[in-house]
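Asks: Input start35.txt, format and content: compact mmCIF, N, CA and C atoms.
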# COMPACT_ATOMS: atom_id res chain seq x y z
N MET A 1 31.51 33.25 96.98
CA MET A 1 32.93 33.17 97.16
C MET A 1 33.58 34.21 96.31
N GLY A 2 33.72 35.06 96.01
CA GLY A 2 34.34 36.13 95.30
C GLY A 2 34.88 35.80 93.93
N GLY A 3 34.05 35.85 92.94
CA GLY A 3 34.53 35.63 91.60
C GLY A 3 34.62 36.93 90.83
N GLY A 4 34.10 38.04 91.41
CA GLY A 4 34.09 39.31 90.70
C GLY A 4 35.43 40.02 90.80
N SER A 5 35.57 41.10 90.03
CA SER A 5 36.82 41.83 90.02
C SER A 5 36.85 42.95 91.05
N VAL A 6 35.69 43.33 91.59
CA VAL A 6 35.64 44.40 92.59
C VAL A 6 35.42 43.75 93.95
N PRO A 7 36.27 44.11 94.94
CA PRO A 7 36.12 43.47 96.24
C PRO A 7 34.85 43.95 96.95
N GLU A 8 34.38 43.14 97.87
CA GLU A 8 33.19 43.49 98.62
C GLU A 8 33.54 44.46 99.73
N GLY A 9 32.59 45.21 100.17
CA GLY A 9 32.81 46.16 101.25
C GLY A 9 32.14 47.49 100.90
N THR A 10 32.20 48.41 101.83
CA THR A 10 31.53 49.68 101.62
C THR A 10 32.41 50.70 100.91
N ARG A 11 33.70 50.59 101.11
CA ARG A 11 34.59 51.57 100.50
C ARG A 11 35.74 50.84 99.82
N PHE A 12 36.04 51.18 98.57
CA PHE A 12 37.11 50.55 97.81
C PHE A 12 38.42 51.24 98.17
N MET A 13 39.37 50.46 98.72
CA MET A 13 40.64 51.02 99.16
C MET A 13 41.76 50.80 98.13
N GLY A 14 41.56 49.99 97.16
CA GLY A 14 42.58 49.68 96.18
C GLY A 14 43.10 48.25 96.37
N TRP A 15 43.81 47.82 95.39
CA TRP A 15 44.35 46.46 95.46
C TRP A 15 45.59 46.43 96.33
N TRP A 16 46.09 45.24 96.59
CA TRP A 16 47.25 45.07 97.47
C TRP A 16 48.42 45.88 96.93
N GLY A 17 49.08 46.58 97.81
CA GLY A 17 50.21 47.41 97.45
C GLY A 17 49.82 48.82 97.07
N ASN A 18 48.54 49.06 96.87
CA ASN A 18 48.07 50.40 96.52
C ASN A 18 46.81 50.67 97.32
N MET A 19 46.94 50.68 98.64
CA MET A 19 45.78 50.79 99.51
C MET A 19 45.37 52.22 99.80
N GLY A 20 46.12 53.20 99.34
CA GLY A 20 45.75 54.59 99.55
C GLY A 20 46.25 55.16 100.85
N GLY A 21 47.09 54.44 101.58
CA GLY A 21 47.63 54.95 102.83
C GLY A 21 48.84 55.84 102.57
N PRO A 22 49.49 56.27 103.64
CA PRO A 22 50.68 57.10 103.47
C PRO A 22 51.80 56.28 102.81
N THR A 23 52.64 57.01 102.08
CA THR A 23 53.73 56.32 101.40
C THR A 23 54.71 55.79 102.42
N GLN A 24 55.23 54.66 102.16
CA GLN A 24 56.16 54.02 103.08
C GLN A 24 57.53 54.65 102.94
N ARG A 25 58.22 54.73 104.06
CA ARG A 25 59.56 55.29 104.05
C ARG A 25 60.53 54.25 104.60
N GLY A 26 61.77 54.37 104.20
CA GLY A 26 62.80 53.47 104.72
C GLY A 26 62.85 52.13 104.03
N ILE A 27 62.24 52.03 102.88
CA ILE A 27 62.29 50.77 102.14
C ILE A 27 63.54 50.78 101.27
N VAL A 28 64.32 49.76 101.40
CA VAL A 28 65.57 49.65 100.63
C VAL A 28 65.35 48.63 99.52
N THR A 29 65.68 49.01 98.32
CA THR A 29 65.58 48.08 97.20
C THR A 29 66.99 47.72 96.75
N TYR A 30 67.16 46.49 96.36
CA TYR A 30 68.44 45.99 95.91
C TYR A 30 68.33 45.58 94.46
N SER A 31 69.43 45.66 93.76
CA SER A 31 69.45 45.19 92.38
C SER A 31 70.77 44.47 92.13
N LEU A 32 70.77 43.65 91.15
CA LEU A 32 71.97 42.89 90.78
C LEU A 32 72.62 43.52 89.57
N SER A 33 73.92 43.40 89.52
CA SER A 33 74.62 43.88 88.34
C SER A 33 74.35 42.91 87.18
N PRO A 34 74.53 43.35 85.95
CA PRO A 34 74.31 42.45 84.83
C PRO A 34 75.21 41.22 84.86
N PHE A 35 76.40 41.34 85.45
CA PHE A 35 77.30 40.19 85.52
C PHE A 35 76.79 39.16 86.51
N ALA A 36 76.17 39.61 87.59
CA ALA A 36 75.63 38.67 88.57
C ALA A 36 74.35 38.02 88.06
N GLN A 37 73.64 38.69 87.17
CA GLN A 37 72.41 38.11 86.62
C GLN A 37 72.72 37.03 85.60
N ARG A 38 73.89 37.12 84.99
CA ARG A 38 74.29 36.13 83.99
C ARG A 38 75.62 35.50 84.42
N PRO A 39 75.59 34.62 85.40
CA PRO A 39 76.85 34.09 85.92
C PRO A 39 77.57 33.16 84.94
N LEU A 40 76.87 32.60 83.99
CA LEU A 40 77.50 31.69 83.04
C LEU A 40 77.69 32.32 81.67
N ALA A 41 77.67 33.64 81.61
CA ALA A 41 77.82 34.33 80.33
C ALA A 41 79.22 34.09 79.77
N GLY A 42 79.30 33.56 78.57
CA GLY A 42 80.57 33.36 77.90
C GLY A 42 81.32 32.11 78.29
N THR A 43 80.76 31.27 79.15
CA THR A 43 81.50 30.10 79.59
C THR A 43 81.67 29.08 78.48
N LEU A 44 80.66 28.90 77.64
CA LEU A 44 80.78 27.92 76.55
C LEU A 44 81.86 28.36 75.56
N HIS A 45 81.87 29.62 75.21
CA HIS A 45 82.89 30.14 74.29
C HIS A 45 84.28 30.00 74.90
N ALA A 46 84.41 30.37 76.17
CA ALA A 46 85.71 30.28 76.83
C ALA A 46 86.14 28.83 77.00
N ALA A 47 85.20 27.94 77.27
CA ALA A 47 85.55 26.54 77.47
C ALA A 47 86.08 25.92 76.19
N ILE A 48 85.47 26.25 75.07
CA ILE A 48 85.92 25.68 73.79
C ILE A 48 87.34 26.13 73.47
N PHE A 49 87.59 27.42 73.55
CA PHE A 49 88.90 27.93 73.17
C PHE A 49 89.96 27.61 74.22
N ASN A 50 89.59 27.57 75.50
CA ASN A 50 90.54 27.20 76.54
C ASN A 50 90.92 25.73 76.41
N SER A 51 89.94 24.88 76.10
CA SER A 51 90.24 23.46 75.92
C SER A 51 91.14 23.24 74.71
N ALA A 52 90.88 23.94 73.63
CA ALA A 52 91.73 23.80 72.44
C ALA A 52 93.15 24.25 72.75
N ARG A 53 93.30 25.33 73.47
CA ARG A 53 94.65 25.81 73.82
C ARG A 53 95.37 24.81 74.72
N ARG A 54 94.68 24.24 75.69
CA ARG A 54 95.31 23.28 76.60
C ARG A 54 95.68 21.99 75.89
N ILE A 55 94.83 21.53 74.98
CA ILE A 55 95.16 20.33 74.22
C ILE A 55 96.37 20.57 73.34
N ARG A 56 96.42 21.74 72.69
CA ARG A 56 97.54 22.08 71.82
C ARG A 56 98.85 22.16 72.61
N GLN A 57 98.79 22.65 73.83
CA GLN A 57 100.00 22.77 74.64
C GLN A 57 100.47 21.43 75.19
N ASN A 58 99.57 20.50 75.41
CA ASN A 58 99.92 19.24 76.06
C ASN A 58 99.89 18.04 75.13
N ILE A 59 99.82 18.25 73.84
CA ILE A 59 99.69 17.13 72.91
C ILE A 59 100.89 16.20 72.96
N PHE A 60 102.08 16.72 73.20
CA PHE A 60 103.27 15.87 73.21
C PHE A 60 103.36 15.03 74.48
N TYR A 61 102.72 15.46 75.55
CA TYR A 61 102.77 14.70 76.80
C TYR A 61 101.88 13.47 76.76
N TRP A 62 100.78 13.52 76.02
CA TRP A 62 99.91 12.36 75.97
C TRP A 62 99.72 11.82 74.56
N GLY A 63 99.98 12.63 73.54
CA GLY A 63 99.78 12.18 72.17
C GLY A 63 100.84 11.20 71.70
N VAL A 64 102.10 11.47 72.02
CA VAL A 64 103.20 10.59 71.59
C VAL A 64 103.10 9.22 72.26
N PRO A 65 102.93 9.14 73.59
CA PRO A 65 102.77 7.81 74.19
C PRO A 65 101.52 7.09 73.70
N MET A 66 100.45 7.84 73.46
CA MET A 66 99.23 7.21 72.96
C MET A 66 99.45 6.61 71.57
N ALA A 67 100.17 7.33 70.71
CA ALA A 67 100.47 6.81 69.37
C ALA A 67 101.38 5.59 69.46
N ALA A 68 102.34 5.61 70.38
CA ALA A 68 103.24 4.46 70.54
C ALA A 68 102.47 3.25 71.04
N TYR A 69 101.62 3.45 72.03
CA TYR A 69 100.83 2.33 72.55
C TYR A 69 99.87 1.79 71.49
N TYR A 70 99.30 2.67 70.69
CA TYR A 70 98.40 2.22 69.63
C TYR A 70 99.18 1.41 68.59
N GLY A 71 100.39 1.85 68.25
CA GLY A 71 101.21 1.10 67.31
C GLY A 71 101.57 -0.28 67.85
N ILE A 72 101.95 -0.34 69.11
CA ILE A 72 102.27 -1.64 69.72
C ILE A 72 101.04 -2.52 69.77
N TYR A 73 99.90 -1.95 70.08
CA TYR A 73 98.64 -2.71 70.16
C TYR A 73 98.25 -3.29 68.80
N THR A 74 98.33 -2.49 67.75
CA THR A 74 97.97 -3.01 66.43
C THR A 74 98.98 -4.04 65.95
N TRP A 75 100.27 -3.83 66.23
CA TRP A 75 101.27 -4.82 65.84
C TRP A 75 101.02 -6.14 66.58
N ALA A 76 100.74 -6.08 67.89
CA ALA A 76 100.51 -7.29 68.67
C ALA A 76 99.27 -8.03 68.18
N ASN A 77 98.21 -7.30 67.82
CA ASN A 77 97.02 -7.96 67.31
C ASN A 77 97.27 -8.64 65.98
N SER A 78 97.99 -7.96 65.09
CA SER A 78 98.27 -8.58 63.78
C SER A 78 99.20 -9.78 63.95
N TYR A 79 100.19 -9.69 64.85
CA TYR A 79 101.09 -10.82 65.09
C TYR A 79 100.34 -11.99 65.71
N ASN A 80 99.40 -11.69 66.60
CA ASN A 80 98.59 -12.75 67.20
C ASN A 80 97.72 -13.42 66.15
N GLU A 81 97.13 -12.64 65.25
CA GLU A 81 96.34 -13.24 64.17
C GLU A 81 97.20 -14.11 63.27
N PHE A 82 98.45 -13.68 63.01
CA PHE A 82 99.36 -14.47 62.19
C PHE A 82 99.70 -15.79 62.89
N LEU A 83 100.00 -15.72 64.20
CA LEU A 83 100.37 -16.93 64.92
C LEU A 83 99.22 -17.92 65.00
N ASN A 84 97.99 -17.45 64.99
CA ASN A 84 96.83 -18.33 65.07
C ASN A 84 96.29 -18.72 63.70
N SER A 85 97.00 -18.35 62.64
CA SER A 85 96.58 -18.75 61.31
C SER A 85 97.36 -20.01 60.89
N LYS A 86 96.98 -20.56 59.72
CA LYS A 86 97.65 -21.76 59.22
C LYS A 86 99.13 -21.45 58.94
N ALA A 87 99.41 -20.30 58.33
CA ALA A 87 100.79 -19.94 58.04
C ALA A 87 101.59 -19.75 59.32
N GLY A 88 100.98 -19.21 60.33
CA GLY A 88 101.66 -19.01 61.61
C GLY A 88 101.98 -20.33 62.29
N HIS A 89 101.06 -21.28 62.20
CA HIS A 89 101.31 -22.61 62.78
C HIS A 89 102.46 -23.29 62.05
N LEU A 90 102.50 -23.18 60.73
CA LEU A 90 103.60 -23.78 59.98
C LEU A 90 104.93 -23.11 60.31
N ALA A 91 104.94 -21.80 60.45
CA ALA A 91 106.17 -21.08 60.77
C ALA A 91 106.67 -21.46 62.16
N GLU A 92 105.77 -21.59 63.12
CA GLU A 92 106.18 -21.99 64.46
C GLU A 92 106.66 -23.43 64.48
N ALA A 93 106.03 -24.29 63.68
CA ALA A 93 106.46 -25.68 63.64
C ALA A 93 107.87 -25.80 63.06
N GLN A 94 108.16 -25.02 62.00
CA GLN A 94 109.50 -25.04 61.41
C GLN A 94 110.51 -24.44 62.39
N HIS A 95 110.10 -23.46 63.14
CA HIS A 95 110.99 -22.84 64.11
C HIS A 95 111.33 -23.83 65.23
N GLU A 96 110.35 -24.63 65.66
CA GLU A 96 110.60 -25.62 66.71
C GLU A 96 111.47 -26.75 66.22
N ILE A 97 111.31 -27.12 64.95
CA ILE A 97 112.12 -28.21 64.40
C ILE A 97 113.60 -27.77 64.32
N ARG A 98 113.82 -26.54 63.89
CA ARG A 98 115.19 -26.03 63.76
C ARG A 98 115.78 -25.69 65.13
N GLY A 99 114.93 -25.28 66.04
CA GLY A 99 115.33 -24.71 67.27
C GLY A 99 116.06 -25.50 68.24
Starting from the file, give its structure as structure tokens.
Replies:
Amino acid sequence: MGGGSVPEGTRFMGWWGNMGGPTQRGIVTYSLSPFAQRPLAGTLHAAIFNSARRIRQNIFYWGVPMAAYYGIYTWANSYNEFLNSKAGHLAEAQHEIRG
């Protein structure tokens, strides 16, 4: 089965692509530009700085409402804990008696 490096036969013509025949004509070769070879070049750098710029420009549109909602949420949780504590039960009981 051919394990040697020299092919069998009476005359050695060369390996594939170099058979010793006439040179081929009309072969067109194509190449890619360096930009097409690296389609994602610089995307991580651009994504980081573009994201930082967009966050900086839009912080007031989502940051202020988010801070307000967080403040309301923490106040509601602390008020709920107060109402479910012993002091909260006493305060509500006095409020109902006076009310």
Asks: Figure out the distance between CA of Trp15 in chain A and atom N of Ile27 in chain A, please, to one decimal in Å.
Replies: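 Interatomic distance here is 20.2 Å.
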Asks: How many Å lie between atom N of Asn77 in chain A and CA of Leu90 in chain A, rounded to one decimal?
Replies: 19.0 Å
Asks: Report, as JSON, the centre and edge lengths in Å (one decimal) of the axis-aligned box enclosing every listed atom of range 26-39 of chain A, padded by 5 Å on each side.
Replies:
{"center_x": 69.7, "center_y": 43.8, "center_z": 94.4, "size_x": 25.8, "size_y": 31.2, "size_z": 30.7}
Asks: Would you return as a VMD selection string the members of chain A that DSSP assigns to alpha helix (DSSP H) on this structure's backbone?
Replies: chain A and resid 34 to 37 43 to 83 86 to 98
Asks: Have a look at CA of Ala68 in chain A and CA of Asn50 in chain A and let me know their distance in Å, one decimal.
Replies: 26.7 Å
